[in-house]
$ cat query_4.cif   # mmCIF, N, CA and C atoms
data_my_file
loop_
_atom_site.label_atom_id
_atom_site.label_comp_id
_atom_site.auth_asym_id
_atom_site.auth_seq_id
_atom_site.Cartn_x
_atom_site.Cartn_y
_atom_site.Cartn_z
N ILE A 1 28.64 3.37 25.93
CA ILE A 1 27.50 4.10 25.37
C ILE A 1 26.89 3.33 24.20
N SER A 2 27.71 2.69 23.37
CA SER A 2 27.20 1.97 22.21
C SER A 2 26.31 0.79 22.65
N LEU A 3 26.65 0.17 23.77
CA LEU A 3 25.85 -0.93 24.28
C LEU A 3 24.45 -0.44 24.67
N PHE A 4 24.39 0.73 25.27
CA PHE A 4 23.13 1.33 25.68
C PHE A 4 22.27 1.65 24.45
N VAL A 5 22.90 2.19 23.43
CA VAL A 5 22.18 2.54 22.21
C VAL A 5 21.62 1.28 21.55
N ASN A 6 22.43 0.21 21.48
CA ASN A 6 21.96 -1.04 20.89
C ASN A 6 20.79 -1.61 21.68
N ASN A 7 20.85 -1.50 23.01
CA ASN A 7 19.77 -1.99 23.84
C ASN A 7 18.48 -1.22 23.54
N LYS A 8 18.59 0.10 23.37
CA LYS A 8 17.43 0.93 23.03
C LYS A 8 16.83 0.50 21.70
N GLN A 9 17.70 0.24 20.72
CA GLN A 9 17.23 -0.17 19.40
C GLN A 9 16.53 -1.52 19.48
N GLU A 10 17.05 -2.43 20.31
CA GLU A 10 16.40 -3.72 20.48
C GLU A 10 15.01 -3.56 21.07
N GLN A 11 14.89 -2.66 22.06
CA GLN A 11 13.59 -2.43 22.67
C GLN A 11 12.60 -1.89 21.64
N ARG A 12 13.06 -0.95 20.80
CA ARG A 12 12.20 -0.38 19.78
C ARG A 12 11.77 -1.45 18.78
N ALA A 13 12.69 -2.34 18.41
CA ALA A 13 12.39 -3.39 17.43
C ALA A 13 11.34 -4.35 17.98
N THR A 14 11.40 -4.68 19.27
CA THR A 14 10.43 -5.61 19.83
C THR A 14 9.07 -4.95 19.98
N MET A 15 9.04 -3.65 20.26
CA MET A 15 7.77 -2.96 20.40
C MET A 15 7.06 -2.83 19.06
N ALA A 16 7.81 -2.52 18.02
CA ALA A 16 7.21 -2.29 16.72
C ALA A 16 6.86 -3.58 16.00
N GLY A 17 7.38 -4.72 16.43
CA GLY A 17 7.12 -5.99 15.77
C GLY A 17 8.27 -6.36 14.86
N PRO A 18 8.03 -7.29 13.95
CA PRO A 18 9.12 -7.79 13.10
C PRO A 18 9.58 -6.77 12.07
N THR A 19 10.82 -6.93 11.63
CA THR A 19 11.35 -6.06 10.58
C THR A 19 11.06 -6.72 9.23
N PRO A 20 10.82 -5.93 8.19
CA PRO A 20 10.48 -6.53 6.89
C PRO A 20 11.66 -7.28 6.29
N LEU A 21 11.35 -8.34 5.58
CA LEU A 21 12.36 -9.19 4.97
C LEU A 21 13.01 -8.51 3.77
N ASN A 22 12.18 -7.83 2.96
CA ASN A 22 12.67 -7.19 1.75
C ASN A 22 13.22 -5.80 2.08
N LYS A 23 14.50 -5.59 1.83
CA LYS A 23 15.12 -4.31 2.16
C LYS A 23 15.19 -3.36 0.96
N LYS A 24 14.71 -3.81 -0.19
CA LYS A 24 14.83 -3.04 -1.42
C LYS A 24 14.02 -1.73 -1.33
N THR A 25 14.63 -0.63 -1.76
CA THR A 25 13.93 0.65 -1.71
C THR A 25 12.88 0.71 -2.81
N ILE A 26 11.74 1.29 -2.48
CA ILE A 26 10.62 1.37 -3.42
C ILE A 26 10.83 2.58 -4.33
N VAL A 27 10.88 2.32 -5.62
CA VAL A 27 11.06 3.39 -6.61
C VAL A 27 9.83 3.42 -7.50
N LYS A 28 9.17 4.57 -7.55
CA LYS A 28 8.01 4.73 -8.41
C LYS A 28 8.47 5.45 -9.68
N LYS A 29 8.16 4.89 -10.84
CA LYS A 29 8.55 5.53 -12.09
C LYS A 29 7.72 6.78 -12.34
N ARG A 30 6.48 6.77 -11.85
CA ARG A 30 5.60 7.92 -12.00
C ARG A 30 4.64 7.96 -10.82
N THR A 31 4.57 9.13 -10.16
CA THR A 31 3.67 9.25 -9.02
C THR A 31 2.40 10.03 -9.37
N LYS A 32 2.46 10.84 -10.46
CA LYS A 32 1.28 11.58 -10.89
C LYS A 32 0.28 10.64 -11.53
N LYS A 33 -1.02 10.95 -11.36
CA LYS A 33 -2.05 10.17 -12.03
C LYS A 33 -2.07 10.55 -13.51
N PHE A 34 -2.46 9.61 -14.35
CA PHE A 34 -2.57 9.91 -15.77
C PHE A 34 -3.87 10.68 -16.00
N ALA A 35 -3.75 11.85 -16.67
CA ALA A 35 -4.91 12.70 -16.92
C ALA A 35 -5.66 12.19 -18.14
N ARG A 36 -6.98 12.24 -18.06
CA ARG A 36 -7.80 11.86 -19.20
C ARG A 36 -7.65 12.91 -20.29
N HIS A 37 -7.68 12.47 -21.55
CA HIS A 37 -7.52 13.38 -22.68
C HIS A 37 -8.59 14.47 -22.65
N GLN A 38 -8.15 15.72 -22.74
CA GLN A 38 -8.98 16.93 -22.73
C GLN A 38 -9.70 17.15 -21.39
N SER A 39 -9.20 16.56 -20.31
CA SER A 39 -9.83 16.78 -19.00
C SER A 39 -9.58 18.19 -18.48
N ASP A 40 -8.61 18.88 -19.06
CA ASP A 40 -8.36 20.27 -18.67
C ASP A 40 -9.37 21.21 -19.33
N GLN A 41 -10.09 20.76 -20.34
CA GLN A 41 -11.01 21.63 -21.07
C GLN A 41 -12.46 21.51 -20.61
N PHE A 42 -12.81 20.37 -19.99
CA PHE A 42 -14.20 20.15 -19.60
C PHE A 42 -14.28 19.86 -18.11
N ILE A 43 -15.10 20.66 -17.42
CA ILE A 43 -15.22 20.51 -15.96
C ILE A 43 -15.83 19.16 -15.61
N ARG A 44 -16.73 18.65 -16.45
CA ARG A 44 -17.43 17.39 -16.14
C ARG A 44 -16.49 16.18 -16.10
N ILE A 45 -15.32 16.30 -16.72
CA ILE A 45 -14.36 15.19 -16.66
C ILE A 45 -13.05 15.62 -16.02
N ARG A 46 -13.09 16.70 -15.24
CA ARG A 46 -11.87 17.27 -14.65
C ARG A 46 -11.09 16.26 -13.81
N ASN A 47 -11.77 15.58 -12.89
CA ASN A 47 -11.07 14.66 -11.97
C ASN A 47 -11.36 13.19 -12.26
N SER A 48 -11.77 12.89 -13.49
CA SER A 48 -12.12 11.51 -13.80
C SER A 48 -10.87 10.65 -14.01
N SER A 49 -11.07 9.35 -13.95
CA SER A 49 -9.96 8.41 -14.10
C SER A 49 -9.57 8.30 -15.58
N TRP A 50 -8.46 7.62 -15.81
CA TRP A 50 -7.95 7.48 -17.17
C TRP A 50 -8.90 6.66 -18.05
N ARG A 51 -9.15 7.15 -19.25
CA ARG A 51 -9.87 6.40 -20.27
C ARG A 51 -9.02 6.45 -21.53
N LYS A 52 -8.89 5.35 -22.20
CA LYS A 52 -8.06 5.30 -23.40
C LYS A 52 -8.76 6.04 -24.54
N PRO A 53 -8.06 6.97 -25.20
CA PRO A 53 -8.67 7.67 -26.34
C PRO A 53 -8.86 6.72 -27.52
N LYS A 54 -10.02 6.81 -28.14
CA LYS A 54 -10.34 5.87 -29.23
C LYS A 54 -10.68 6.56 -30.54
N GLY A 55 -10.47 7.87 -30.60
CA GLY A 55 -10.82 8.60 -31.83
C GLY A 55 -9.89 8.27 -32.98
N ILE A 56 -10.37 8.47 -34.20
CA ILE A 56 -9.57 8.11 -35.38
C ILE A 56 -8.40 9.07 -35.59
N ASP A 57 -8.57 10.34 -35.17
CA ASP A 57 -7.52 11.33 -35.40
C ASP A 57 -6.82 11.75 -34.11
N GLY A 58 -7.08 11.07 -32.99
CA GLY A 58 -6.59 11.52 -31.68
C GLY A 58 -5.07 11.61 -31.60
N ARG A 59 -4.58 12.78 -31.15
CA ARG A 59 -3.13 12.96 -30.99
C ARG A 59 -2.59 12.12 -29.86
N VAL A 60 -3.35 12.01 -28.80
CA VAL A 60 -2.88 11.24 -27.65
C VAL A 60 -2.78 9.76 -28.01
N ARG A 61 -3.81 9.23 -28.68
CA ARG A 61 -3.80 7.82 -29.08
C ARG A 61 -2.64 7.53 -30.03
N ARG A 62 -2.35 8.48 -30.93
CA ARG A 62 -1.26 8.28 -31.90
C ARG A 62 0.11 8.66 -31.33
N ARG A 63 0.12 9.08 -30.07
CA ARG A 63 1.34 9.40 -29.33
C ARG A 63 2.20 10.46 -29.99
N PHE A 64 1.57 11.57 -30.34
CA PHE A 64 2.32 12.69 -30.92
C PHE A 64 3.16 13.37 -29.84
N LYS A 65 4.22 14.01 -30.28
CA LYS A 65 5.09 14.76 -29.37
C LYS A 65 4.30 15.93 -28.78
N GLY A 66 4.41 16.12 -27.47
CA GLY A 66 3.70 17.21 -26.80
C GLY A 66 2.33 16.83 -26.29
N ALA A 67 1.81 15.67 -26.69
CA ALA A 67 0.51 15.22 -26.18
C ALA A 67 0.71 14.59 -24.80
N ILE A 68 -0.39 14.49 -24.05
CA ILE A 68 -0.27 13.92 -22.69
C ILE A 68 0.13 12.44 -22.80
N PRO A 69 0.90 11.92 -21.84
CA PRO A 69 1.34 10.52 -21.93
C PRO A 69 0.21 9.55 -21.63
N MET A 70 0.28 8.41 -22.29
CA MET A 70 -0.69 7.34 -22.05
C MET A 70 -0.06 6.30 -21.14
N PRO A 71 -0.84 5.66 -20.28
CA PRO A 71 -0.28 4.59 -19.45
C PRO A 71 0.20 3.44 -20.34
N SER A 72 1.32 2.84 -19.95
CA SER A 72 1.81 1.67 -20.67
C SER A 72 2.53 0.77 -19.66
N ILE A 73 2.87 -0.41 -20.09
CA ILE A 73 3.47 -1.41 -19.21
C ILE A 73 4.83 -0.94 -18.68
N GLY A 74 5.47 -0.03 -19.38
CA GLY A 74 6.78 0.47 -18.97
C GLY A 74 6.76 1.26 -17.68
N TYR A 75 5.58 1.77 -17.31
CA TYR A 75 5.46 2.52 -16.06
C TYR A 75 5.33 1.60 -14.85
N GLY A 76 5.26 0.31 -15.05
CA GLY A 76 5.04 -0.64 -13.96
C GLY A 76 6.16 -0.63 -12.93
N SER A 77 5.83 -1.02 -11.71
CA SER A 77 6.80 -1.06 -10.62
C SER A 77 7.64 -2.33 -10.69
N ASP A 78 8.75 -2.31 -9.97
CA ASP A 78 9.59 -3.49 -9.84
C ASP A 78 8.78 -4.60 -9.18
N LYS A 79 8.91 -5.82 -9.68
CA LYS A 79 8.10 -6.94 -9.18
C LYS A 79 8.33 -7.18 -7.69
N LYS A 80 9.56 -6.94 -7.23
CA LYS A 80 9.86 -7.19 -5.81
C LYS A 80 9.25 -6.14 -4.89
N THR A 81 9.00 -4.93 -5.40
CA THR A 81 8.45 -3.87 -4.55
C THR A 81 7.02 -3.52 -4.91
N ARG A 82 6.39 -4.28 -5.79
CA ARG A 82 5.00 -3.99 -6.18
C ARG A 82 4.06 -4.32 -5.03
N ASN A 83 3.09 -3.46 -4.79
CA ASN A 83 2.10 -3.62 -3.71
C ASN A 83 2.72 -3.63 -2.33
N VAL A 84 3.90 -3.04 -2.17
CA VAL A 84 4.56 -3.00 -0.87
C VAL A 84 4.28 -1.66 -0.21
N HIS A 85 3.87 -1.72 1.05
CA HIS A 85 3.61 -0.54 1.86
C HIS A 85 4.93 0.17 2.16
N PRO A 86 4.94 1.47 2.41
CA PRO A 86 6.20 2.15 2.77
C PRO A 86 6.92 1.55 3.98
N SER A 87 6.18 0.84 4.85
CA SER A 87 6.81 0.18 6.00
C SER A 87 7.63 -1.03 5.57
N GLY A 88 7.45 -1.51 4.34
CA GLY A 88 8.21 -2.64 3.84
C GLY A 88 7.41 -3.94 3.80
N PHE A 89 6.15 -3.90 4.24
CA PHE A 89 5.31 -5.09 4.27
C PHE A 89 4.23 -5.01 3.19
N LYS A 90 3.78 -6.19 2.73
CA LYS A 90 2.60 -6.26 1.90
C LYS A 90 1.41 -6.36 2.84
N SER A 91 0.28 -5.79 2.44
CA SER A 91 -0.87 -5.71 3.33
C SER A 91 -1.89 -6.80 3.04
N VAL A 92 -2.44 -7.40 4.12
CA VAL A 92 -3.49 -8.41 4.01
C VAL A 92 -4.63 -7.98 4.93
N VAL A 93 -5.84 -7.90 4.40
CA VAL A 93 -7.00 -7.52 5.21
C VAL A 93 -7.47 -8.73 6.00
N VAL A 94 -7.62 -8.54 7.31
CA VAL A 94 -7.97 -9.62 8.24
C VAL A 94 -9.26 -9.23 8.95
N SER A 95 -10.21 -10.18 9.05
CA SER A 95 -11.45 -9.86 9.74
C SER A 95 -11.73 -10.76 10.93
N ASN A 96 -10.88 -11.77 11.17
CA ASN A 96 -11.00 -12.57 12.39
C ASN A 96 -9.66 -13.19 12.74
N VAL A 97 -9.59 -13.83 13.90
CA VAL A 97 -8.33 -14.38 14.40
C VAL A 97 -7.84 -15.53 13.52
N ALA A 98 -8.77 -16.32 12.98
CA ALA A 98 -8.40 -17.45 12.13
C ALA A 98 -7.65 -17.00 10.88
N GLU A 99 -8.07 -15.88 10.31
CA GLU A 99 -7.38 -15.34 9.13
C GLU A 99 -6.00 -14.82 9.49
N LEU A 100 -5.85 -14.38 10.72
CA LEU A 100 -4.55 -13.88 11.19
C LEU A 100 -3.54 -15.02 11.31
N GLU A 101 -4.03 -16.22 11.66
CA GLU A 101 -3.15 -17.38 11.83
C GLU A 101 -2.41 -17.73 10.54
N MET A 102 -3.00 -17.40 9.37
CA MET A 102 -2.36 -17.70 8.09
C MET A 102 -1.03 -16.96 7.93
N LEU A 103 -0.92 -15.80 8.57
CA LEU A 103 0.27 -14.96 8.41
C LEU A 103 1.39 -15.36 9.37
N MET A 104 1.19 -16.39 10.16
CA MET A 104 2.16 -16.77 11.20
C MET A 104 3.56 -17.00 10.63
N MET A 105 3.67 -17.75 9.55
CA MET A 105 4.98 -18.07 8.97
C MET A 105 5.49 -16.98 8.03
N HIS A 106 4.63 -16.00 7.72
CA HIS A 106 4.99 -14.96 6.76
C HIS A 106 5.02 -13.58 7.40
N ASN A 107 5.34 -13.54 8.70
CA ASN A 107 5.25 -12.25 9.42
C ASN A 107 6.35 -11.26 9.03
N ARG A 108 7.35 -11.68 8.26
CA ARG A 108 8.38 -10.74 7.79
C ARG A 108 8.03 -10.18 6.41
N THR A 109 7.03 -10.75 5.76
CA THR A 109 6.63 -10.31 4.42
C THR A 109 5.30 -9.56 4.44
N TYR A 110 4.32 -10.10 5.19
CA TYR A 110 2.98 -9.54 5.19
C TYR A 110 2.64 -8.89 6.53
N ALA A 111 1.88 -7.80 6.48
CA ALA A 111 1.35 -7.15 7.68
C ALA A 111 -0.17 -7.23 7.61
N ALA A 112 -0.79 -7.41 8.74
CA ALA A 112 -2.25 -7.50 8.80
C ALA A 112 -2.86 -6.11 8.88
N THR A 113 -3.96 -5.93 8.19
CA THR A 113 -4.77 -4.72 8.29
C THR A 113 -6.15 -5.17 8.73
N VAL A 114 -6.62 -4.69 9.87
CA VAL A 114 -7.92 -5.11 10.38
C VAL A 114 -9.01 -4.48 9.51
N GLY A 115 -9.97 -5.30 9.09
CA GLY A 115 -11.03 -4.85 8.20
C GLY A 115 -11.88 -3.74 8.79
N HIS A 116 -12.50 -2.97 7.92
CA HIS A 116 -13.27 -1.79 8.31
C HIS A 116 -14.47 -2.13 9.18
N SER A 117 -15.14 -3.24 8.88
CA SER A 117 -16.40 -3.56 9.56
C SER A 117 -16.22 -4.45 10.79
N VAL A 118 -14.98 -4.65 11.24
CA VAL A 118 -14.71 -5.52 12.39
C VAL A 118 -15.04 -4.77 13.68
N SER A 119 -15.70 -5.45 14.60
CA SER A 119 -16.12 -4.81 15.85
C SER A 119 -14.92 -4.58 16.77
N THR A 120 -15.11 -3.75 17.77
CA THR A 120 -14.04 -3.42 18.71
C THR A 120 -13.59 -4.64 19.51
N ARG A 121 -14.55 -5.50 19.87
CA ARG A 121 -14.22 -6.70 20.65
C ARG A 121 -13.32 -7.64 19.85
N VAL A 122 -13.70 -7.94 18.61
CA VAL A 122 -12.91 -8.83 17.76
C VAL A 122 -11.58 -8.17 17.40
N ARG A 123 -11.62 -6.85 17.22
CA ARG A 123 -10.40 -6.09 16.91
C ARG A 123 -9.36 -6.26 18.02
N ARG A 124 -9.82 -6.19 19.28
CA ARG A 124 -8.91 -6.39 20.42
C ARG A 124 -8.30 -7.79 20.40
N GLU A 125 -9.13 -8.79 20.10
CA GLU A 125 -8.66 -10.18 20.04
C GLU A 125 -7.60 -10.34 18.94
N ILE A 126 -7.85 -9.72 17.80
CA ILE A 126 -6.91 -9.81 16.67
C ILE A 126 -5.57 -9.19 17.04
N ILE A 127 -5.61 -8.01 17.66
CA ILE A 127 -4.37 -7.30 18.02
C ILE A 127 -3.61 -8.07 19.09
N GLU A 128 -4.33 -8.63 20.03
CA GLU A 128 -3.70 -9.43 21.10
C GLU A 128 -3.00 -10.66 20.52
N ARG A 129 -3.67 -11.36 19.62
CA ARG A 129 -3.09 -12.55 18.98
C ARG A 129 -1.93 -12.18 18.06
N ALA A 130 -2.02 -11.03 17.42
CA ALA A 130 -0.95 -10.57 16.53
C ALA A 130 0.33 -10.30 17.31
N GLU A 131 0.20 -9.78 18.52
CA GLU A 131 1.38 -9.56 19.37
C GLU A 131 2.02 -10.89 19.75
N GLN A 132 1.21 -11.90 20.02
CA GLN A 132 1.75 -13.22 20.37
C GLN A 132 2.48 -13.86 19.19
N LEU A 133 1.95 -13.65 17.98
CA LEU A 133 2.54 -14.24 16.78
C LEU A 133 3.60 -13.34 16.14
N ALA A 134 3.84 -12.17 16.71
CA ALA A 134 4.78 -11.18 16.19
C ALA A 134 4.42 -10.78 14.76
N ILE A 135 3.14 -10.44 14.56
CA ILE A 135 2.66 -9.97 13.26
C ILE A 135 2.38 -8.48 13.37
N ARG A 136 2.88 -7.70 12.43
CA ARG A 136 2.63 -6.26 12.41
C ARG A 136 1.19 -5.99 11.99
N VAL A 137 0.51 -5.12 12.74
CA VAL A 137 -0.85 -4.69 12.40
C VAL A 137 -0.77 -3.22 12.02
N THR A 138 -1.14 -2.91 10.78
CA THR A 138 -0.95 -1.54 10.28
C THR A 138 -1.89 -0.54 10.95
N ASN A 139 -3.12 -0.96 11.25
CA ASN A 139 -4.07 -0.04 11.87
C ASN A 139 -4.48 -0.52 13.27
N ALA A 140 -3.47 -0.83 14.08
CA ALA A 140 -3.73 -1.41 15.40
C ALA A 140 -4.48 -0.47 16.34
N SER A 141 -4.29 0.83 16.19
CA SER A 141 -4.93 1.77 17.12
C SER A 141 -6.30 2.25 16.65
N ALA A 142 -6.77 1.79 15.50
CA ALA A 142 -8.04 2.25 14.96
C ALA A 142 -9.22 1.70 15.75
N LYS A 143 -10.21 2.53 15.99
CA LYS A 143 -11.46 2.17 16.66
C LYS A 143 -11.28 1.63 18.07
N LEU A 144 -10.16 1.90 18.71
CA LEU A 144 -9.97 1.48 20.09
C LEU A 144 -9.95 2.71 20.99
N ARG A 145 -10.92 2.77 21.88
CA ARG A 145 -11.02 3.91 22.79
C ARG A 145 -10.24 3.61 24.05
N ALA A 146 -9.48 4.58 24.55
CA ALA A 146 -8.74 4.39 25.80
C ALA A 146 -9.72 4.40 26.97
N GLU A 147 -9.57 3.41 27.84
CA GLU A 147 -10.50 3.32 28.99
C GLU A 147 -9.86 3.79 30.26
#

$ encode --input "query_4.cif" --output "structure tokens"
Amino acid sequence: ISLFVNNKQEQRATMAGPTPLNKKTIVKKRTKKFARHQSDQFIRIRNSSWRKPKGIDGRVRRRFKGAIPMPSIGYGSDKKTRNVHPSGFKSVVVSNVAELEMLMMHNRTYAATVGHSVSTRVRREIIERAEQLAIRVTNASAKLRAE
């Protein structure tokens, strides 16, 4: 039975493409976005991005206890897992077959993402070549209609 199970796993591995080289688990120190100071009080800045407070008396800028946290370098991710997709690969946007060829030797580290404006015809060529080179394509099924 164990031989059968291993054979199934091998089939799954070949269908999905290469396995990522980096096995390190991705740990995020903070997953919540940093709220802009007083964004809870004004609707006009409710969902805006972080801006550093610059006032002379600002509690947030002076980092008082109980004030909202400010982004700092300490919240940064581990260098080995920075910009890594949950699949374990780093993503590279590809818009033609020639750009895909660059990933040939790095297929265990990088995965190709087909660009948004790429046509269906070129998209098919990219996916076909990626299978030959054993490169993972993150959005392989996008914009392809079943015929």

$ atom_distance --input "query_4.cif" --atom1 "atom N of Leu100 of chain A" --atom2 "atom C of Asn139 of chain A"
14.2 Å

$ closest_residue --input "query_4.cif" --among "A:Thr109, A:Gln132, A:Ser119, A:Thr31" --to "Phe89 of chain A" --atoms "all atoms listed in the file"
A:Thr109

$ closest_residue --input "query_4.cif" --among "A:Lys65, A:His37, A:Lys80, A:Arg123" --to "Pro53 of chain A" --atoms "only N, CA and C atoms"
A:His37

$ residues_around --input "query_4.cif" --residues "segment 15-25 of chain A" --least-positions-apart "3" --cutoff "9 Å" --atoms "only C-alpha atoms" --output "number ranges by chain"
A: 10-12, 80-81, 87-89, 107-110, 131, 134-137

$ atom_distance --input "query_4.cif" --atom1 "atom CA of Arg36 of chain A" --atom2 "atom C of Ala67 of chain A"
10.5 Å

$ atom_distance --input "query_4.cif" --atom1 "atom CA of Lys52 of chain A" --atom2 "atom C of Phe64 of chain A"
15.2 Å

$ resolve_selection --input "query_4.cif" --expression "the PyMOL selection byres (((chain A and resi 49 and name CA) around 12) and name CA)" --output "list of chain:residue names"
A:Lys33, A:Phe34, A:Ala35, A:Arg36, A:His37, A:Ser39, A:Arg44, A:Ile45, A:Arg46, A:Asn47, A:Ser48, A:Trp50, A:Arg51, A:Lys52, A:Pro71

$ closest_residue --input "query_4.cif" --among "A:Ala140, A:Met102, A:Val27, A:Leu133" --to "Ser77 of chain A" --atoms "only C-alpha atoms"
A:Val27

$ select_by_dssp --input "query_4.cif" --residues "chain A" --states "strand (DSSP E or B)" --output "list of chain:residue names"
A:Val84, A:Lys90, A:Ser91, A:Val92, A:Val93, A:Val94, A:Tyr110, A:Ala111, A:Ala112, A:Thr113, A:Val114, A:Val137

$ select_by_dssp --input "query_4.cif" --residues "chain A" --states "helix (DSSP H, G or I)" --output "PyMOL selection string"
chain A and resi 2-16+43-45+73-75+97-101+104-106+120-133

$ write_last_selection --input "query_4.cif" --atoms "N, CA and C atoms" --output "short mmCIF file (atom, residue, chain, number, x, y, z; two decimals), in the frame of the given file"
data_model
loop_
_atom_site.label_atom_id
_atom_site.label_comp_id
_atom_site.auth_asym_id
_atom_site.auth_seq_id
_atom_site.Cartn_x
_atom_site.Cartn_y
_atom_site.Cartn_z
N SER A 2 27.71 2.69 23.37
CA SER A 2 27.20 1.97 22.21
C SER A 2 26.31 0.79 22.65
N LEU A 3 26.65 0.17 23.77
CA LEU A 3 25.85 -0.93 24.28
C LEU A 3 24.45 -0.44 24.67
N PHE A 4 24.39 0.73 25.27
CA PHE A 4 23.13 1.33 25.68
C PHE A 4 22.27 1.65 24.45
N VAL A 5 22.90 2.19 23.43
CA VAL A 5 22.18 2.54 22.21
C VAL A 5 21.62 1.28 21.55
N ASN A 6 22.43 0.21 21.48
CA ASN A 6 21.96 -1.04 20.89
C ASN A 6 20.79 -1.61 21.68
N ASN A 7 20.85 -1.50 23.01
CA ASN A 7 19.77 -1.99 23.84
C ASN A 7 18.48 -1.22 23.54
N LYS A 8 18.59 0.10 23.37
CA LYS A 8 17.43 0.93 23.03
C LYS A 8 16.83 0.50 21.70
N GLN A 9 17.70 0.24 20.72
CA GLN A 9 17.23 -0.17 19.40
C GLN A 9 16.53 -1.52 19.48
N GLU A 10 17.05 -2.43 20.31
CA GLU A 10 16.40 -3.72 20.48
C GLU A 10 15.01 -3.56 21.07
N GLN A 11 14.89 -2.66 22.06
CA GLN A 11 13.59 -2.43 22.67
C GLN A 11 12.60 -1.89 21.64
N ARG A 12 13.06 -0.95 20.80
CA ARG A 12 12.20 -0.38 19.78
C ARG A 12 11.77 -1.45 18.78
N ALA A 13 12.69 -2.34 18.41
CA ALA A 13 12.39 -3.39 17.43
C ALA A 13 11.34 -4.35 17.98
N THR A 14 11.40 -4.68 19.27
CA THR A 14 10.43 -5.61 19.83
C THR A 14 9.07 -4.95 19.98
N MET A 15 9.04 -3.65 20.26
CA MET A 15 7.77 -2.96 20.40
C MET A 15 7.06 -2.83 19.06
N ALA A 16 7.81 -2.52 18.02
CA ALA A 16 7.21 -2.29 16.72
C ALA A 16 6.86 -3.58 16.00
N ILE A 43 -15.10 20.66 -17.42
CA ILE A 43 -15.22 20.51 -15.96
C ILE A 43 -15.83 19.16 -15.61
N ARG A 44 -16.73 18.65 -16.45
CA ARG A 44 -17.43 17.39 -16.14
C ARG A 44 -16.49 16.18 -16.10
N ILE A 45 -15.32 16.30 -16.72
CA ILE A 45 -14.36 15.19 -16.66
C ILE A 45 -13.05 15.62 -16.02
N ILE A 73 2.87 -0.41 -20.09
CA ILE A 73 3.47 -1.41 -19.21
C ILE A 73 4.83 -0.94 -18.68
N GLY A 74 5.47 -0.03 -19.38
CA GLY A 74 6.78 0.47 -18.97
C GLY A 74 6.76 1.26 -17.68
N TYR A 75 5.58 1.77 -17.31
CA TYR A 75 5.46 2.52 -16.06
C TYR A 75 5.33 1.60 -14.85
N VAL A 97 -9.59 -13.83 13.90
CA VAL A 97 -8.33 -14.38 14.40
C VAL A 97 -7.84 -15.53 13.52
N ALA A 98 -8.77 -16.32 12.98
CA ALA A 98 -8.40 -17.45 12.13
C ALA A 98 -7.65 -17.00 10.88
N GLU A 99 -8.07 -15.88 10.31
CA GLU A 99 -7.38 -15.34 9.13
C GLU A 99 -6.00 -14.82 9.49
N LEU A 100 -5.85 -14.38 10.72
CA LEU A 100 -4.55 -13.88 11.19
C LEU A 100 -3.54 -15.02 11.31
N GLU A 101 -4.03 -16.22 11.66
CA GLU A 101 -3.15 -17.38 11.83
C GLU A 101 -2.41 -17.73 10.54
N MET A 104 1.19 -16.39 10.16
CA MET A 104 2.16 -16.77 11.20
C MET A 104 3.56 -17.00 10.63
N MET A 105 3.67 -17.75 9.55
CA MET A 105 4.98 -18.07 8.97
C MET A 105 5.49 -16.98 8.03
N HIS A 106 4.63 -16.00 7.72
CA HIS A 106 4.99 -14.96 6.76
C HIS A 106 5.02 -13.58 7.40
N THR A 120 -15.11 -3.75 17.77
CA THR A 120 -14.04 -3.42 18.71
C THR A 120 -13.59 -4.64 19.51
N ARG A 121 -14.55 -5.50 19.87
CA ARG A 121 -14.22 -6.70 20.65
C ARG A 121 -13.32 -7.64 19.85
N VAL A 122 -13.70 -7.94 18.61
CA VAL A 122 -12.91 -8.83 17.76
C VAL A 122 -11.58 -8.17 17.40
N ARG A 123 -11.62 -6.85 17.22
CA ARG A 123 -10.40 -6.09 16.91
C ARG A 123 -9.36 -6.26 18.02
N ARG A 124 -9.82 -6.19 19.28
CA ARG A 124 -8.91 -6.39 20.42
C ARG A 124 -8.30 -7.79 20.40
N GLU A 125 -9.13 -8.79 20.10
CA GLU A 125 -8.66 -10.18 20.04
C GLU A 125 -7.60 -10.34 18.94
N ILE A 126 -7.85 -9.72 17.80
CA ILE A 126 -6.91 -9.81 16.67
C ILE A 126 -5.57 -9.19 17.04
N ILE A 127 -5.61 -8.01 17.66
CA ILE A 127 -4.37 -7.30 18.02
C ILE A 127 -3.61 -8.07 19.09
N GLU A 128 -4.33 -8.63 20.03
CA GLU A 128 -3.70 -9.43 21.10
C GLU A 128 -3.00 -10.66 20.52
N ARG A 129 -3.67 -11.36 19.62
CA ARG A 129 -3.09 -12.55 18.98
C ARG A 129 -1.93 -12.18 18.06
N ALA A 130 -2.02 -11.03 17.42
CA ALA A 130 -0.95 -10.57 16.53
C ALA A 130 0.33 -10.30 17.31
N GLU A 131 0.20 -9.78 18.52
CA GLU A 131 1.38 -9.56 19.37
C GLU A 131 2.02 -10.89 19.75
N GLN A 132 1.21 -11.90 20.02
CA GLN A 132 1.75 -13.22 20.37
C GLN A 132 2.48 -13.86 19.19
N LEU A 133 1.95 -13.65 17.98
CA LEU A 133 2.54 -14.24 16.78
C LEU A 133 3.60 -13.34 16.14
#

$ closest_residue --input "query_4.cif" --among "A:Lys28, A:Gly74, A:Thr138, A:Ile56" --to "Val92 of chain A" --atoms "only C-alpha atoms"
A:Thr138

$ closest_residue --input "query_4.cif" --among "A:Arg82, A:Arg30, A:Arg129, A:His116" --to "Glu99 of chain A" --atoms "only C-alpha atoms"
A:Arg129
